[in-house]
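Next comes structure14.tsv, a file with TSV, C-alpha atoms and all ligand atoms.
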chain	number	residue	atom	x	y	z
A	1	MET	CA	110.01	16.81	113.13
A	2	LYS	CA	110.14	19.57	115.65
A	3	HIS	CA	108.44	22.89	116.28
A	4	ILE	CA	110.11	26.24	115.70
A	5	VAL	CA	109.75	28.26	118.91
A	6	LEU	CA	110.17	32.04	118.89
A	7	ILE	CA	111.18	33.75	122.12
A	8	GLY	CA	112.17	37.33	122.94
A	9	PHE	CA	111.08	40.61	124.46
A	10	MET	CA	107.75	42.37	123.87
A	11	GLY	CA	107.74	43.93	120.42
A	12	ALA	CA	110.53	41.70	119.05
A	13	GLY	CA	108.04	40.48	116.46
A	14	LYS	CA	107.40	36.93	117.69
A	15	SER	CA	103.72	37.00	116.72
A	16	THR	CA	104.27	38.90	113.46
A	17	VAL	CA	107.23	36.81	112.29
A	18	GLY	CA	105.58	33.62	113.58
A	19	ARG	CA	102.49	34.26	111.47
A	20	ALA	CA	104.56	34.85	108.32
A	21	LEU	CA	106.86	31.89	108.96
A	22	ALA	CA	103.95	29.53	109.63
A	23	ALA	CA	102.23	30.65	106.41
A	24	GLU	CA	105.41	30.09	104.38
A	25	LEU	CA	106.03	26.65	105.86
A	26	GLY	CA	102.37	25.62	105.71
A	27	ARG	CA	102.38	25.02	109.45
A	28	GLU	CA	99.97	26.07	112.17
A	29	LEU	CA	100.88	29.10	114.28
A	30	LEU	CA	100.43	28.55	118.00
A	31	ASP	CA	100.70	31.86	119.87
A	32	THR	CA	100.81	31.32	123.64
A	33	ASP	CA	99.31	34.75	124.43
A	34	GLN	CA	96.42	34.01	122.10
A	35	MET	CA	95.97	30.51	123.57
A	36	ILE	CA	95.82	32.01	127.06
A	37	GLU	CA	93.22	34.59	126.00
A	38	GLU	CA	91.10	31.84	124.44
A	39	LYS	CA	91.37	29.63	127.51
A	40	ALA	CA	90.66	32.45	129.96
A	41	GLY	CA	87.95	34.00	127.77
A	42	CYS	CA	89.37	37.49	128.28
A	43	ARG	CA	92.26	39.73	127.29
A	44	ILE	CA	95.70	39.56	128.88
A	45	THR	CA	95.26	43.08	130.25
A	46	GLU	CA	92.17	41.86	132.11
A	47	ILE	CA	93.96	38.82	133.55
A	48	PHE	CA	96.74	41.08	134.89
A	49	ALA	CA	94.23	43.62	136.25
A	50	ARG	CA	91.85	41.15	137.90
A	51	GLN	CA	94.11	38.29	138.98
A	52	GLY	CA	97.63	39.72	138.84
A	53	GLU	CA	100.79	38.65	137.06
A	54	PRO	CA	101.36	35.41	139.07
A	55	ALA	CA	98.01	34.05	137.80
A	56	PHE	CA	99.05	34.87	134.25
A	57	ARG	CA	102.37	33.03	134.74
A	58	ARG	CA	100.48	29.96	135.98
A	59	LEU	CA	98.41	30.02	132.80
A	60	GLU	CA	101.63	30.22	130.77
A	61	GLU	CA	102.91	27.11	132.52
A	62	GLU	CA	99.69	25.24	131.73
A	63	ILE	CA	99.92	26.25	128.07
A	64	LEU	CA	103.51	25.03	127.94
A	65	LYS	CA	102.35	21.60	129.17
A	66	GLN	CA	99.61	21.60	126.55
A	67	LEU	CA	102.15	22.42	123.83
A	68	ALA	CA	104.21	19.36	124.74
A	69	GLU	CA	101.27	17.27	123.48
A	70	GLU	CA	101.19	18.94	120.03
A	71	LYS	CA	102.28	16.40	117.45
A	72	ALA	CA	102.24	18.20	114.09
A	73	PRO	CA	105.28	20.48	113.61
A	74	ALA	CA	104.11	24.03	114.18
A	75	VAL	CA	105.52	27.51	114.66
A	76	ILE	CA	105.15	28.60	118.28
A	77	SER	CA	105.20	32.29	119.23
A	78	THR	CA	105.67	32.71	122.96
A	79	GLY	CA	104.80	35.53	125.33
A	80	GLY	CA	107.75	37.78	126.16
A	81	GLY	CA	108.07	36.48	129.71
A	82	MET	CA	107.85	32.75	129.00
A	83	PRO	CA	111.59	31.94	129.53
A	84	VAL	CA	111.89	34.04	132.69
A	85	PHE	CA	110.94	31.13	134.94
A	86	GLU	CA	113.89	28.81	134.92
A	87	LYS	CA	111.81	25.65	134.79
A	88	ASN	CA	110.13	26.82	131.58
A	89	ARG	CA	113.48	26.91	129.75
A	90	PRO	CA	114.14	23.17	129.31
A	91	ALA	CA	110.43	22.70	128.52
A	92	LEU	CA	110.72	25.26	125.71
A	93	ARG	CA	113.89	23.64	124.37
A	94	ARG	CA	112.23	20.23	124.33
A	95	LEU	CA	109.54	21.58	122.00
A	96	GLY	CA	112.01	22.08	119.16
A	97	THR	CA	114.42	24.69	117.87
A	98	VAL	CA	114.25	27.82	120.01
A	99	VAL	CA	115.01	31.04	118.14
A	100	TYR	CA	115.65	34.19	120.18
A	101	LEU	CA	114.53	37.32	118.31
A	102	GLN	CA	116.90	39.82	119.90
A	103	VAL	CA	115.80	43.44	119.90
A	104	LYS	CA	117.21	46.74	121.19
A	105	PRO	CA	115.20	48.86	123.64
A	106	GLU	CA	114.94	51.68	121.07
A	107	THR	CA	113.21	49.35	118.61
A	108	VAL	CA	110.80	48.07	121.27
A	109	LEU	CA	109.88	51.63	122.26
A	110	LYS	CA	109.35	52.69	118.65
A	111	ARG	CA	107.20	49.65	117.84
A	112	LEU	CA	105.08	49.70	120.98
A	113	LYS	CA	104.56	53.46	121.35
A	114	GLY	CA	100.92	54.04	122.27
A	115	ASP	CA	100.21	50.31	122.60
A	116	THR	CA	97.87	49.50	125.51
A	117	THR	CA	97.89	45.71	125.28
A	118	ARG	CA	101.13	45.04	127.20
A	119	PRO	CA	100.30	45.52	130.91
A	120	LEU	CA	103.97	45.52	131.97
A	121	LEU	CA	104.62	48.64	129.87
A	122	GLN	CA	101.62	50.72	130.96
A	123	GLY	CA	101.86	53.85	133.07
A	124	GLY	CA	104.77	56.27	133.10
A	125	GLY	CA	108.43	55.42	132.80
A	126	ALA	CA	108.06	52.93	129.94
A	127	GLU	CA	111.48	53.80	128.57
A	128	SER	CA	113.45	52.92	131.69
A	129	ARG	CA	111.22	49.91	132.33
A	130	VAL	CA	111.98	48.49	128.86
A	131	ARG	CA	115.72	49.03	129.35
A	132	GLU	CA	115.77	47.45	132.81
A	133	LEU	CA	113.52	44.51	132.02
A	134	LEU	CA	115.34	43.73	128.78
A	135	ALA	CA	118.76	43.78	130.51
A	136	GLU	CA	117.39	41.63	133.33
A	137	ARG	CA	115.88	39.08	130.93
A	138	GLU	CA	118.69	38.87	128.37
A	139	PRO	CA	120.47	36.00	130.22
A	140	ALA	CA	117.20	34.01	130.38
A	141	TYR	CA	116.61	34.42	126.64
A	142	ARG	CA	120.19	33.46	125.82
A	143	ASP	CA	120.08	30.51	128.18
A	144	THR	CA	116.96	29.17	126.46
A	145	ALA	CA	117.83	29.80	122.81
A	146	HIS	CA	119.41	27.42	120.33
A	147	GLU	CA	119.80	30.33	117.87
A	148	VAL	CA	119.90	34.13	118.15
A	149	VAL	CA	118.61	36.45	115.42
A	150	PRO	CA	119.21	40.19	115.98
A	151	VAL	CA	116.16	41.81	114.38
A	152	ASP	CA	116.70	45.58	114.62
A	153	GLY	CA	116.30	47.24	111.25
A	154	MET	CA	114.96	44.07	109.63
A	155	SER	CA	111.51	43.64	108.12
A	156	ALA	CA	109.43	40.66	109.27
A	157	ASP	CA	110.07	38.99	105.89
A	158	GLU	CA	113.83	39.41	106.35
A	159	VAL	CA	113.61	37.81	109.79
A	160	VAL	CA	111.63	34.91	108.29
A	161	ARG	CA	114.31	34.45	105.62
A	162	ARG	CA	117.07	34.47	108.25
A	163	ILE	CA	115.31	31.83	110.36
A	164	LYS	CA	114.82	29.62	107.29
A	165	GLU	CA	118.48	30.08	106.32
A	166	LEU	CA	119.72	29.17	109.80
A	167	ASN	CA	117.64	26.02	109.84
A	168	ASN	CA	118.19	24.97	106.21
A	169	ILE	CA	114.49	25.08	105.43
A	201	LIG	N1	110.35	43.36	111.70
A	201	LIG	C1	109.47	44.31	112.03
A	201	LIG	N2	109.61	45.54	111.54
A	201	LIG	C2	108.76	46.51	111.89
A	201	LIG	N3	107.70	46.36	112.74
A	201	LIG	C3	107.51	45.15	113.26
A	201	LIG	C4	108.38	44.05	112.94
A	201	LIG	N4	107.97	42.97	113.63
A	201	LIG	C5	106.90	43.38	114.34
A	201	LIG	N5	106.61	44.67	114.12
A	201	LIG	C6	105.52	45.47	114.74
A	201	LIG	O1	105.82	45.59	116.12
A	201	LIG	C7	104.65	45.42	116.92
A	201	LIG	C8	104.85	44.27	117.88
A	201	LIG	O2	105.03	43.06	117.15
A	201	LIG	P1	104.56	41.65	117.73
A	201	LIG	O3	103.18	41.76	118.30
A	201	LIG	O4	104.77	40.65	116.65
A	201	LIG	O5	105.60	41.47	118.90
A	201	LIG	P2	105.73	40.25	119.93
A	201	LIG	O6	107.17	39.89	119.98
A	201	LIG	O7	104.78	39.18	119.58
A	201	LIG	O8	105.35	40.93	121.33
A	201	LIG	P3	104.69	40.26	122.66
A	201	LIG	O9	105.80	39.63	123.44
A	201	LIG	O10	104.13	41.38	123.42
A	201	LIG	O11	103.67	39.26	122.22
A	201	LIG	C9	103.51	45.22	115.91
A	201	LIG	O12	102.87	46.45	115.69
A	201	LIG	C10	104.18	44.74	114.66
A	201	LIG	O13	103.48	45.11	113.50
A	202	LIG	O1	107.10	40.18	128.50
A	202	LIG	C1	106.11	39.82	129.18
A	202	LIG	O2	106.21	39.53	130.38
A	202	LIG	C2	104.80	39.74	128.51
A	202	LIG	C3	104.74	39.73	127.14
A	202	LIG	C4	103.51	39.56	126.39
A	202	LIG	O3	103.76	38.71	125.26
A	202	LIG	C5	102.40	38.93	127.25
A	202	LIG	O4	102.69	37.58	127.48
A	202	LIG	C6	102.27	39.67	128.55
A	202	LIG	O5	101.90	41.00	128.26
A	202	LIG	C7	103.58	39.64	129.35
A	203	MG	MG	103.18	38.26	120.58

Show me, as C-alpha cells, the structure contained in the file I just sent.
Amino acid sequence: MKHIVLIGFMGAGKSTVGRALAAELGRELLDTDQMIEEKAGCRITEIFARQGEPAFRRLEEEILKQLAEEKAPAVISTGGGMPVFEKNRPALRRLGTVVYLQVKPETVLKRLKGDTTRPLLQGGGAESRVRELLAEREPAYRDTAHEVVPVDGMSADEVVRRIKELNNI
C-alpha cells in the first residue's frame, strides 16, 4: 500500500485536507512543514529569518529521505515548495499517489490574508508575488502529480471526497 501525497501552492489546503483525509482513512498525517519545525525546534519563519531559504530547502530534502522509510500507508502533506527542486519530484512520486491541489491566486490571497506564517508572502506586493510564483511553479506541480484536483470554491470535505473518488477508496 502506498501513501497519498498532497502537493500544491501555499493555501491550497494541503494541511487542512490532509488532516481530514487522514482522519477518514484512519491513517497518520505526516506534514513536512510540521516535521521540519519539530526537527529544527523552531518555527519555519525563524528558519527563514536566521538561516535563509536554502537551509530550509536542505531540511525539506532530509525530511523527504526520512519519509521514504515510512512503512505504514499515511497521508503526507508537503510544503508548497517541495516539488520545485527537480530531484525532489521522482522522490515524491515514489512515495505513492501524488495529488496536486490546484488553486487560483485569488483563492490563495483570500485564504492567506493577514497570515504571518508564510515567509515567502511577507512584506508588500503579496498579490503579484503569489501570481508570479504560482505561474512559475505550475509546471513543477504538474510534472510531479499523478492526479490534479482543482480546489477553488470547494470545501475541505469536498476535496477529501474528490480524492477518495479518484482513488476508489
Ligand atoms: N477548502 C477550503 N476552503 C476554505 N478554506 C480553506 C480550505 N482549505 C484550507 N482552507 C484555509 O486556508 C488556509 C490555508 O490552508 P492550509 O494551511 O491547509 O494550506 P497549505 O496548502 O497547507 O499551505 P502551506 O503550503 O503554506 O502549508 C487555512 O486558514 C485553512 O483553514
Ligand atoms: O511555498 C513555499 O515555498 C513554502 C510553503 C510552506 O508550506 C512552507 O514550506 C514554507 O513557508 C515555504
Ligand atoms: Mg501546510

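From atom CA of Val160 of chain A back to atom C3 of ligand LIG 202 (chain A), the distance works out to 20.6 Å.
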
Dump as a tab-separated table the rows for residues of chain A within 6 Å of ligand MG 203 (chain A): closest atom pair and distance in Å with one decimal, only C-alpha atoms and all ligand atoms counted, ordered by chain and rising residue number.
residue	atom	partner	partner_atom	distance
A:Lys14	CA	A:MG203	MG	5.3
A:Ser15	CA	A:MG203	MG	4.1
A:Gly79	CA	A:MG203	MG	5.7

Expected answer as an MDAnalysis selection string: residues within 9 Å of ligand LIG 201 (chain A), all atoms listed in the file: chainID A and resid 6:19 31:34 77:81 101 107:108 110:112 115 117:118 151:159

Residues as selected, C-alpha atoms, written as a tab-separated table (two decimals), keeping the file's coordinate frame, can you do that?
chain	number	residue	atom	x	y	z
A	6	LEU	CA	110.17	32.04	118.89
A	7	ILE	CA	111.18	33.75	122.12
A	8	GLY	CA	112.17	37.33	122.94
A	9	PHE	CA	111.08	40.61	124.46
A	10	MET	CA	107.75	42.37	123.87
A	11	GLY	CA	107.74	43.93	120.42
A	12	ALA	CA	110.53	41.70	119.05
A	13	GLY	CA	108.04	40.48	116.46
A	14	LYS	CA	107.40	36.93	117.69
A	15	SER	CA	103.72	37.00	116.72
A	16	THR	CA	104.27	38.90	113.46
A	17	VAL	CA	107.23	36.81	112.29
A	18	GLY	CA	105.58	33.62	113.58
A	19	ARG	CA	102.49	34.26	111.47
A	31	ASP	CA	100.70	31.86	119.87
A	32	THR	CA	100.81	31.32	123.64
A	33	ASP	CA	99.31	34.75	124.43
A	34	GLN	CA	96.42	34.01	122.10
A	77	SER	CA	105.20	32.29	119.23
A	78	THR	CA	105.67	32.71	122.96
A	79	GLY	CA	104.80	35.53	125.33
A	80	GLY	CA	107.75	37.78	126.16
A	81	GLY	CA	108.07	36.48	129.71
A	101	LEU	CA	114.53	37.32	118.31
A	107	THR	CA	113.21	49.35	118.61
A	108	VAL	CA	110.80	48.07	121.27
A	110	LYS	CA	109.35	52.69	118.65
A	111	ARG	CA	107.20	49.65	117.84
A	112	LEU	CA	105.08	49.70	120.98
A	115	ASP	CA	100.21	50.31	122.60
A	117	THR	CA	97.89	45.71	125.28
A	118	ARG	CA	101.13	45.04	127.20
A	151	VAL	CA	116.16	41.81	114.38
A	152	ASP	CA	116.70	45.58	114.62
A	153	GLY	CA	116.30	47.24	111.25
A	154	MET	CA	114.96	44.07	109.63
A	155	SER	CA	111.51	43.64	108.12
A	156	ALA	CA	109.43	40.66	109.27
A	157	ASP	CA	110.07	38.99	105.89
A	158	GLU	CA	113.83	39.41	106.35
A	159	VAL	CA	113.61	37.81	109.79

Choose the residue, out of A:Ser128, A:Thr116, A:Gln66, A:Asn168, that has the smallest atom-to-atom separation from ligand LIG 202 (chain A); count only C-alpha atoms and all ligand atoms. A:Thr116

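Here atom CA of Ile4 of chain A and atom C4 of ligand LIG 202 (chain A) stand 18.3 Å from one another.
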
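Near Thr45 of chain A, within 12 Å and counting only C-alpha atoms, sit Asp33, Ile36, Glu37, Ala40, Gly41, Ala49, Arg50, Gln51, Gly52, Glu53, Phe56, Asp115, Thr116, Thr117, Arg118, Pro119, Leu120, Leu121 and Gln122 of chain A; same-chain residues fewer than 4 positions away were not included.
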
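Our summary of the geometry notes that atom CA of Arg57 of chain A is positioned 16.4 Å from atom CA of Tyr141 of chain A.
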
Which residues come within 9 Å of segment 94-100 of chain A, counting only C-alpha atoms, excluding same-chain residues fewer than 3 positions away, as a PyMOL selection string? chain A and resi 1-9+67-68+70+73+89-91+141-142+144-150+163+167

Could those residues be written to a file, using C-alpha atoms, as a JSON list (two decimals), keeping the file's coordinate frame?
[["chain", "number", "residue", "atom", "x", "y", "z"],
["A", 1, "MET", "CA", 110.01, 16.81, 113.13],
["A", 2, "LYS", "CA", 110.14, 19.57, 115.65],
["A", 3, "HIS", "CA", 108.44, 22.89, 116.28],
["A", 4, "ILE", "CA", 110.11, 26.24, 115.70],
["A", 5, "VAL", "CA", 109.75, 28.26, 118.91],
["A", 6, "LEU", "CA", 110.17, 32.04, 118.89],
["A", 7, "ILE", "CA", 111.18, 33.75, 122.12],
["A", 8, "GLY", "CA", 112.17, 37.33, 122.94],
["A", 9, "PHE", "CA", 111.08, 40.61, 124.46],
["A", 67, "LEU", "CA", 102.15, 22.42, 123.83],
["A", 68, "ALA", "CA", 104.21, 19.36, 124.74],
["A", 70, "GLU", "CA", 101.19, 18.94, 120.03],
["A", 73, "PRO", "CA", 105.28, 20.48, 113.61],
["A", 89, "ARG", "CA", 113.48, 26.91, 129.75],
["A", 90, "PRO", "CA", 114.14, 23.17, 129.31],
["A", 91, "ALA", "CA", 110.43, 22.70, 128.52],
["A", 141, "TYR", "CA", 116.61, 34.42, 126.64],
["A", 142, "ARG", "CA", 120.19, 33.46, 125.82],
["A", 144, "THR", "CA", 116.96, 29.17, 126.46],
["A", 145, "ALA", "CA", 117.83, 29.80, 122.81],
["A", 146, "HIS", "CA", 119.41, 27.42, 120.33],
["A", 147, "GLU", "CA", 119.80, 30.33, 117.87],
["A", 148, "VAL", "CA", 119.90, 34.13, 118.15],
["A", 149, "VAL", "CA", 118.61, 36.45, 115.42],
["A", 150, "PRO", "CA", 119.21, 40.19, 115.98],
["A", 163, "ILE", "CA", 115.31, 31.83, 110.36],
["A", 167, "ASN", "CA", 117.64, 26.02, 109.84]]

Could you add N, CA and C atoms to segment 136-165 of chain A and give me the result as a PDB file, in the coordinates of the input?
ATOM      1  N   GLU A 136     117.595  42.675 132.323  1.00  0.00           N
ATOM      2  CA  GLU A 136     117.390  41.630 133.330  1.00  0.00           C
ATOM      3  C   GLU A 136     117.072  40.272 132.673  1.00  0.00           C
ATOM      4  N   ARG A 137     116.321  40.325 131.556  1.00  0.00           N
ATOM      5  CA  ARG A 137     115.880  39.080 130.930  1.00  0.00           C
ATOM      6  C   ARG A 137     116.856  38.500 129.910  1.00  0.00           C
ATOM      7  N   GLU A 138     117.770  39.326 129.432  1.00  0.00           N
ATOM      8  CA  GLU A 138     118.690  38.870 128.370  1.00  0.00           C
ATOM      9  C   GLU A 138     119.338  37.511 128.692  1.00  0.00           C
ATOM     10  N   PRO A 139     119.856  37.301 129.925  1.00  0.00           N
ATOM     11  CA  PRO A 139     120.470  36.000 130.220  1.00  0.00           C
ATOM     12  C   PRO A 139     119.460  34.843 130.093  1.00  0.00           C
ATOM     13  N   ALA A 140     118.221  35.075 130.466  1.00  0.00           N
ATOM     14  CA  ALA A 140     117.200  34.010 130.380  1.00  0.00           C
ATOM     15  C   ALA A 140     116.931  33.665 128.906  1.00  0.00           C
ATOM     16  N   TYR A 141     116.839  34.681 128.064  1.00  0.00           N
ATOM     17  CA  TYR A 141     116.610  34.420 126.640  1.00  0.00           C
ATOM     18  C   TYR A 141     117.795  33.657 126.041  1.00  0.00           C
ATOM     19  N   ARG A 142     118.988  34.103 126.371  1.00  0.00           N
ATOM     20  CA  ARG A 142     120.190  33.460 125.820  1.00  0.00           C
ATOM     21  C   ARG A 142     120.317  32.020 126.296  1.00  0.00           C
ATOM     22  N   ASP A 143     119.989  31.835 127.562  1.00  0.00           N
ATOM     23  CA  ASP A 143     120.080  30.510 128.180  1.00  0.00           C
ATOM     24  C   ASP A 143     119.109  29.523 127.522  1.00  0.00           C
ATOM     25  N   THR A 144     117.999  30.039 127.035  1.00  0.00           N
ATOM     26  CA  THR A 144     116.960  29.170 126.460  1.00  0.00           C
ATOM     27  C   THR A 144     117.191  28.887 124.978  1.00  0.00           C
ATOM     28  N   ALA A 145     117.801  29.869 124.278  1.00  0.00           N
ATOM     29  CA  ALA A 145     117.830  29.800 122.810  1.00  0.00           C
ATOM     30  C   ALA A 145     118.839  28.814 122.245  1.00  0.00           C
ATOM     31  N   HIS A 146     118.445  28.161 121.140  1.00  0.00           N
ATOM     32  CA  HIS A 146     119.410  27.420 120.330  1.00  0.00           C
ATOM     33  C   HIS A 146     120.061  28.372 119.318  1.00  0.00           C
ATOM     34  N   GLU A 147     119.304  29.388 118.885  1.00  0.00           N
ATOM     35  CA  GLU A 147     119.800  30.330 117.870  1.00  0.00           C
ATOM     36  C   GLU A 147     119.382  31.746 118.254  1.00  0.00           C
ATOM     37  N   VAL A 148     120.233  32.726 117.872  1.00  0.00           N
ATOM     38  CA  VAL A 148     119.900  34.130 118.150  1.00  0.00           C
ATOM     39  C   VAL A 148     119.830  34.890 116.820  1.00  0.00           C
ATOM     40  N   VAL A 149     118.740  35.622 116.623  1.00  0.00           N
ATOM     41  CA  VAL A 149     118.610  36.450 115.420  1.00  0.00           C
ATOM     42  C   VAL A 149     118.398  37.909 115.858  1.00  0.00           C
ATOM     43  N   PRO A 150     119.409  38.769 115.664  1.00  0.00           N
ATOM     44  CA  PRO A 150     119.210  40.190 115.980  1.00  0.00           C
ATOM     45  C   PRO A 150     118.292  40.797 114.916  1.00  0.00           C
ATOM     46  N   VAL A 151     117.203  41.423 115.339  1.00  0.00           N
ATOM     47  CA  VAL A 151     116.160  41.810 114.380  1.00  0.00           C
ATOM     48  C   VAL A 151     116.059  43.307 114.101  1.00  0.00           C
ATOM     49  N   ASP A 152     116.841  44.128 114.807  1.00  0.00           N
ATOM     50  CA  ASP A 152     116.700  45.580 114.620  1.00  0.00           C
ATOM     51  C   ASP A 152     116.970  45.948 113.157  1.00  0.00           C
ATOM     52  N   GLY A 153     116.111  46.780 112.625  1.00  0.00           N
ATOM     53  CA  GLY A 153     116.300  47.240 111.250  1.00  0.00           C
ATOM     54  C   GLY A 153     115.889  46.225 110.189  1.00  0.00           C
ATOM     55  N   MET A 154     115.399  45.078 110.601  1.00  0.00           N
ATOM     56  CA  MET A 154     114.960  44.070 109.630  1.00  0.00           C
ATOM     57  C   MET A 154     113.443  44.039 109.518  1.00  0.00           C
ATOM     58  N   SER A 155     112.953  43.805 108.297  1.00  0.00           N
ATOM     59  CA  SER A 155     111.510  43.640 108.120  1.00  0.00           C
ATOM     60  C   SER A 155     111.157  42.228 108.607  1.00  0.00           C
ATOM     61  N   ALA A 156     109.859  41.999 108.825  1.00  0.00           N
ATOM     62  CA  ALA A 156     109.430  40.660 109.270  1.00  0.00           C
ATOM     63  C   ALA A 156     109.826  39.617 108.226  1.00  0.00           C
ATOM     64  N   ASP A 157     109.709  39.953 106.944  1.00  0.00           N
ATOM     65  CA  ASP A 157     110.070  38.990 105.890  1.00  0.00           C
ATOM     66  C   ASP A 157     111.559  38.662 105.930  1.00  0.00           C
ATOM     67  N   GLU A 158     112.379  39.665 106.236  1.00  0.00           N
ATOM     68  CA  GLU A 158     113.830  39.410 106.350  1.00  0.00           C
ATOM     69  C   GLU A 158     114.125  38.481 107.528  1.00  0.00           C
ATOM     70  N   VAL A 159     113.407  38.680 108.609  1.00  0.00           N
ATOM     71  CA  VAL A 159     113.610  37.810 109.790  1.00  0.00           C
ATOM     72  C   VAL A 159     113.200  36.375 109.435  1.00  0.00           C
ATOM     73  N   VAL A 160     112.088  36.244 108.722  1.00  0.00           N
ATOM     74  CA  VAL A 160     111.630  34.910 108.290  1.00  0.00           C
ATOM     75  C   VAL A 160     112.723  34.243 107.450  1.00  0.00           C
ATOM     76  N   ARG A 161     113.276  34.996 106.495  1.00  0.00           N
ATOM     77  CA  ARG A 161     114.310  34.450 105.620  1.00  0.00           C
ATOM     78  C   ARG A 161     115.527  33.983 106.429  1.00  0.00           C
ATOM     79  N   ARG A 162     115.908  34.807 107.410  1.00  0.00           N
ATOM     80  CA  ARG A 162     117.070  34.470 108.250  1.00  0.00           C
ATOM     81  C   ARG A 162     116.826  33.185 109.048  1.00  0.00           C
ATOM     82  N   ILE A 163     115.626  33.045 109.578  1.00  0.00           N
ATOM     83  CA  ILE A 163     115.310  31.830 110.360  1.00  0.00           C
ATOM     84  C   ILE A 163     115.352  30.607 109.452  1.00  0.00           C
ATOM     85  N   LYS A 164     114.819  30.746 108.234  1.00  0.00           N
ATOM     86  CA  LYS A 164     114.820  29.620 107.290  1.00  0.00           C
ATOM     87  C   LYS A 164     116.265  29.249 106.915  1.00  0.00           C
ATOM     88  N   GLU A 165     117.064  30.282 106.671  1.00  0.00           N
ATOM     89  CA  GLU A 165     118.480  30.080 106.320  1.00  0.00           C
ATOM     90  C   GLU A 165     119.205  29.302 107.429  1.00  0.00           C
TER      91      GLU A 165
END
